[in-house]
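Participant: I'd like to ask some things about the structure below.
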Amino acid sequence: MKKSLLVLIAFLFVGNISLMAQGTSIKELPKGWHLLDEDKDGFFGISLDKAYDFVKGKKSKTIVVAVIDSGIDTLHEDLKDVLWTNPKEIPGNGIDDDKNGYVDDVHGWNFIGGKDGRNVNEDSYEGARVYHKYKKVFGDASFDPSKLNEDEKEQYEIWLKAKAQIEGEGSEGGMDVFILQKALESSVKGDSILRKSLGKEIYTGKDLDSYAATTPEAQRAKSLLLYLFKENNMMETSNKEFIESLSEYVKGQIKNKEAQTVAPPDYRGEIVKDNEADINDRYYGNNDIMAGTPFHGTHVSGIIAAKRNNGKGMNGIADNVQIMMIRAVPDGDEHDKDIALAIRYAADNGAKVVNMSFGKSFSPQKKWVDEAVKYAESKGVLLVHAAGNDAKNVDTAENYPNPYIKATRDYATNWITVGASSDPLAEPAFKSYTASFSNYGKKQVDVFSPGTKIYSTIPGGNTYGNAQGTSMASPVVAGVAALVLSYYPELSASQLKYVIEKSAVPPPAKVKVPGKDELVDLSEISKTGGVLNAYQALKLASTLKPETRKQEKLPRSVLNNQKG
């Protein structure tokens, strides 16, 4: 929403700009463009039909994919048949039948829920939590950092970064929040006018584009919102989704401003009631994997596994998978303990691929997450993580979780970091094979994958829509990883990583560095220099004989990111 807000603010403070001028019409992206093949279909997708043709007639094995996210609509028509079901648990009897510590974990587990049935939906940002947790100690005038031990020095360094972020908002922060609030008010008012003049509660940018406003008031409202829809490539997005996204962004900025002076509420602690300082206090939460905020997790899950060829909505990528939902991501920053235990739960309960479409700038308990990553590595579990949506170089910018294991000063061999690719038609204003918002990094981002205007399941039972972000690019990779593994189940996690990365296809032209107009080869902003391709991945996997898969020692340059 950052670009949206900049455009919105400009609109509010610039005079009579002609916003209704129509640009040249262009060919539209089809729903599910990310699955298509450039040579056959003209869109730079993952060549999924060619992939299925390649394995036609070959038997596959069911693969469990864990999705660590916000929740899932368990009743959705395209997802209910692909949910993982714990074979050792008897639903609803209130007993931990499989004795794994989690009662009635039928389709997964909710690590941000309480035993009383309540759930954490909203949470604070990690930077604010770190800043206020240590402020009294490290911020005291008499504090002497030279007396700290090694662990305390690490805490102090993290606090200094949080302090710089929180206090760095400066005196302009209050004005920014004021402008954002006014921008939101203008959008909400305009939406109300348009709903009345259009005669319907839900409309898209396309609906607005074809609407002939009959009053000056409706004309102004149309000018504002249509401009925002177009500039942010959201013509197929509903007014409801746009206003909700804008509201969430403004709320987040207000939180950031408040964090300068007020410690954030303990949203999680008041509901979960575990000892968050103790990683061994792990049997908390509840089995409500839908909870109150399942949009993100539902969309992600559909990309991976929505029932294929059932005549409903859309097709997921993998045709023989089960989705294990592990709820650990609130509206706000996730907690390291919940993520660490979610990874362990996935590994202990049979998942072979884990999708992680979340991230943050601080990780005060990274050690716990690192240990969980190594545990997953020992269990042969591939972890797929979204690079983030700040148009930053994560070779230098803080981005967590990540595959760097501090204790061993090495990188996990079972980890793929995913940037968002695009088709030039997906973002007409950017016109690149990279998404304008995607994080990138020559050392830290392994591969790019489609992440703009991805059509998938959304909560509502039979509802579908577009969303975009590296959050969508990551499950495209996770889906292909599961597809490959289902047909070549002898692959280890590190070999699966090798196949995904080695088979990535360079785009047919130079790409824009996200957030800039600079043109570079994709290899300058990612490790492989390629975009995910399902067909090429299956072809490469087929060349590895069973004995090779078990014994092959793959090049460290392929398996590991290079530290720098």
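By convention here, the chains of the structure tokens are called A, B, ... in the order presented, each chain's residues are numbered starting at 1, and ligands are numbered starting at 1 in the order presented.
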Give me, as number ranges by chain, all polymer residues having an atom no more than 8 Å from Val65 (chain A), counting only C-alpha atoms and skipping those fewer than 4 positions away in the same chain.

Facilitator: A: 321-324, 351-355, 478, 482

Participant: Can you write just those residues out, N, CA and C atoms, as a compact mmCIF listing (two decimals), in the first residue's frame?

Facilitator:
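Output file again-v6.txt follows:
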```txt
# COMPACT_ATOMS: atom_id res chain seq x y z
N VAL A 321 -1.38 -33.23 -2.99
CA VAL A 321 -0.84 -32.66 -1.76
C VAL A 321 -1.94 -32.49 -0.73
N GLN A 322 -1.51 -32.36 0.50
CA GLN A 322 -2.41 -32.03 1.61
C GLN A 322 -1.85 -30.80 2.32
N ILE A 323 -2.74 -29.88 2.69
CA ILE A 323 -2.32 -28.65 3.35
C ILE A 323 -2.49 -28.78 4.86
N MET A 324 -1.39 -28.63 5.57
CA MET A 324 -1.38 -28.57 7.03
C MET A 324 -1.28 -27.11 7.43
N ALA A 351 5.16 -33.05 7.40
CA ALA A 351 5.29 -32.12 6.29
C ALA A 351 6.67 -32.26 5.66
N LYS A 352 6.73 -32.17 4.35
CA LYS A 352 8.00 -32.23 3.64
C LYS A 352 8.35 -30.89 2.98
N VAL A 353 7.36 -30.01 2.86
CA VAL A 353 7.57 -28.66 2.36
C VAL A 353 6.82 -27.72 3.30
N VAL A 354 7.46 -26.60 3.65
CA VAL A 354 6.82 -25.60 4.52
C VAL A 354 6.85 -24.25 3.82
N ASN A 355 5.70 -23.63 3.67
CA ASN A 355 5.64 -22.28 3.10
C ASN A 355 5.57 -21.26 4.23
N ALA A 478 6.61 -23.24 -3.39
CA ALA A 478 6.27 -24.37 -2.52
C ALA A 478 5.41 -25.38 -3.26
N ALA A 482 6.45 -29.24 -4.07
CA ALA A 482 5.62 -30.38 -3.71
C ALA A 482 5.29 -31.23 -4.92
```

Participant: Using DSSP on the backbone coordinates, identify all residues within region 189-418 of chain A classified as alpha helix (DSSP H); present the result as a PyMOL selection string.

Facilitator: chain A and resi 189-198+205-210+216-231+239-258+267-272+295-305+336-348+366-378

Participant: If you count only C-alpha atoms, which residues fall within 7 Å of region 389-396 of chain A, apart from same-chain ones fewer than 6 positions away, as a PyMOL selection string?

Facilitator: chain A and resi 436-441+443-444+469-470+514-515

Participant: Keeping only N, CA and C atoms, write the selected residues to a file as a PDB file, in the first residue's frame.

Facilitator:
```pdb
ATOM      1  N   SER A 436       7.448  -4.621  -8.876  1.00  0.00           N
ATOM      2  CA  SER A 436       7.989  -3.344  -8.410  1.00  0.00           C
ATOM      3  C   SER A 436       8.236  -3.319  -6.907  1.00  0.00           C
ATOM      4  N   PHE A 437       7.513  -4.141  -6.156  1.00  0.00           N
ATOM      5  CA  PHE A 437       7.571  -4.115  -4.698  1.00  0.00           C
ATOM      6  C   PHE A 437       8.555  -5.115  -4.107  1.00  0.00           C
ATOM      7  N   SER A 438       9.040  -6.059  -4.891  1.00  0.00           N
ATOM      8  CA  SER A 438       9.772  -7.205  -4.353  1.00  0.00           C
ATOM      9  C   SER A 438      11.117  -6.827  -3.749  1.00  0.00           C
ATOM     10  N   ASN A 439      11.446  -7.453  -2.621  1.00  0.00           N
ATOM     11  CA  ASN A 439      12.817  -7.412  -2.139  1.00  0.00           C
ATOM     12  C   ASN A 439      13.681  -8.252  -3.069  1.00  0.00           C
ATOM     13  N   TYR A 440      14.974  -8.029  -3.005  1.00  0.00           N
ATOM     14  CA  TYR A 440      15.894  -8.713  -3.908  1.00  0.00           C
ATOM     15  C   TYR A 440      17.250  -8.857  -3.219  1.00  0.00           C
ATOM     16  N   GLY A 441      18.182  -9.565  -3.831  1.00  0.00           N
ATOM     17  CA  GLY A 441      19.516  -9.708  -3.267  1.00  0.00           C
ATOM     18  C   GLY A 441      20.313 -10.748  -4.026  1.00  0.00           C
ATOM     19  N   LYS A 443      22.875 -12.313  -3.184  1.00  0.00           N
ATOM     20  CA  LYS A 443      23.315 -13.409  -2.328  1.00  0.00           C
ATOM     21  C   LYS A 443      22.170 -14.058  -1.563  1.00  0.00           C
ATOM     22  N   GLN A 444      21.164 -13.275  -1.208  1.00  0.00           N
ATOM     23  CA  GLN A 444      20.145 -13.774  -0.276  1.00  0.00           C
ATOM     24  C   GLN A 444      18.829 -14.205  -0.919  1.00  0.00           C
ATOM     25  N   GLY A 469       2.227 -10.016  -3.988  1.00  0.00           N
ATOM     26  CA  GLY A 469       3.291  -9.868  -3.010  1.00  0.00           C
ATOM     27  C   GLY A 469       4.220 -11.065  -3.106  1.00  0.00           C
ATOM     28  N   THR A 470       5.358 -10.958  -2.437  1.00  0.00           N
ATOM     29  CA  THR A 470       6.206 -12.152  -2.351  1.00  0.00           C
ATOM     30  C   THR A 470       5.500 -13.231  -1.538  1.00  0.00           C
ATOM     31  N   PRO A 514      13.649  -3.614  -8.440  1.00  0.00           N
ATOM     32  CA  PRO A 514      12.403  -3.170  -7.801  1.00  0.00           C
ATOM     33  C   PRO A 514      12.549  -1.827  -7.093  1.00  0.00           C
ATOM     34  N   GLY A 515      11.575  -0.968  -7.353  1.00  0.00           N
ATOM     35  CA  GLY A 515      11.588   0.364  -6.775  1.00  0.00           C
ATOM     36  C   GLY A 515      12.396   1.375  -7.549  1.00  0.00           C
TER      37      GLY A 515
END
```

Participant: Just give me the gap between CA of Lys50 (chain A) and CA of Val520 (chain A) in Å, one decimal is fine.

Facilitator: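 It comes out at 28.9 Å.
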
Participant: Quick one: residues within 6 Å of Ser456 (chain A), only C-alpha atoms, excluding same-chain residues fewer than 4 positions away - as an mmCIF file with C-alpha atoms, in the first residue's frame?

Facilitator:
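Just written: part-v4.cif:
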```cif
data_model
loop_
_atom_site.group_PDB
_atom_site.id
_atom_site.type_symbol
_atom_site.label_atom_id
_atom_site.label_comp_id
_atom_site.auth_asym_id
_atom_site.auth_seq_id
_atom_site.Cartn_x
_atom_site.Cartn_y
_atom_site.Cartn_z
ATOM 1 C CA HIS A 299 -5.067 -17.313 -0.618
ATOM 2 C CA GLY A 302 -5.104 -22.125 -2.826
ATOM 3 C CA ILE A 303 -2.038 -21.222 -4.860
ATOM 4 C CA TYR A 464 -11.842 -16.116 -5.320
ATOM 5 C CA GLY A 465 -9.771 -13.034 -6.039
#
```

Participant: How many Å separate CA of Leu425 (chain A) from CA of Ser245 (chain A)?

Facilitator: 22.9 Å

Participant: Counting only C-alpha atoms, which of A:Thr434, A:Asn119, A:Ser542, A:Ser197 gets nearest to Glu490 (chain A)?

Facilitator: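 Going through A:Thr434, A:Asn119, A:Ser542, A:Ser197 one by one, the smallest distance to Glu490 (chain A) is for A:Ser542.
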
Participant: Residues within 7 Å of Val505 (chain A), please, as a PDB file with N, CA, C and O atoms, in the first residue's frame. Count only C-alpha atoms; anything in the same chain fewer than 3 positions from it doesn't count.

Facilitator:
```
ATOM      1  N   GLY A 530      17.264 -16.546 -12.207  1.00  0.00           N
ATOM      2  CA  GLY A 530      16.188 -17.182 -12.943  1.00  0.00           C
ATOM      3  C   GLY A 530      14.845 -17.097 -12.260  1.00  0.00           C
ATOM      4  O   GLY A 530      14.733 -16.772 -11.073  1.00  0.00           O
ATOM      5  N   VAL A 531      13.813 -17.413 -13.051  1.00  0.00           N
ATOM      6  CA  VAL A 531      12.431 -17.467 -12.578  1.00  0.00           C
ATOM      7  C   VAL A 531      11.995 -18.934 -12.555  1.00  0.00           C
ATOM      8  O   VAL A 531      12.309 -19.711 -13.471  1.00  0.00           O
ATOM      9  N   LEU A 532      11.284 -19.299 -11.534  1.00  0.00           N
ATOM     10  CA  LEU A 532      10.795 -20.669 -11.354  1.00  0.00           C
ATOM     11  C   LEU A 532      10.120 -21.198 -12.611  1.00  0.00           C
ATOM     12  O   LEU A 532       9.349 -20.496 -13.262  1.00  0.00           O
ATOM     13  N   ASN A 533      10.397 -22.477 -12.950  1.00  0.00           N
ATOM     14  CA  ASN A 533       9.727 -23.122 -14.071  1.00  0.00           C
ATOM     15  C   ASN A 533       9.451 -24.576 -13.719  1.00  0.00           C
ATOM     16  O   ASN A 533      10.383 -25.368 -13.525  1.00  0.00           O
TER      17      ASN A 533
END
```
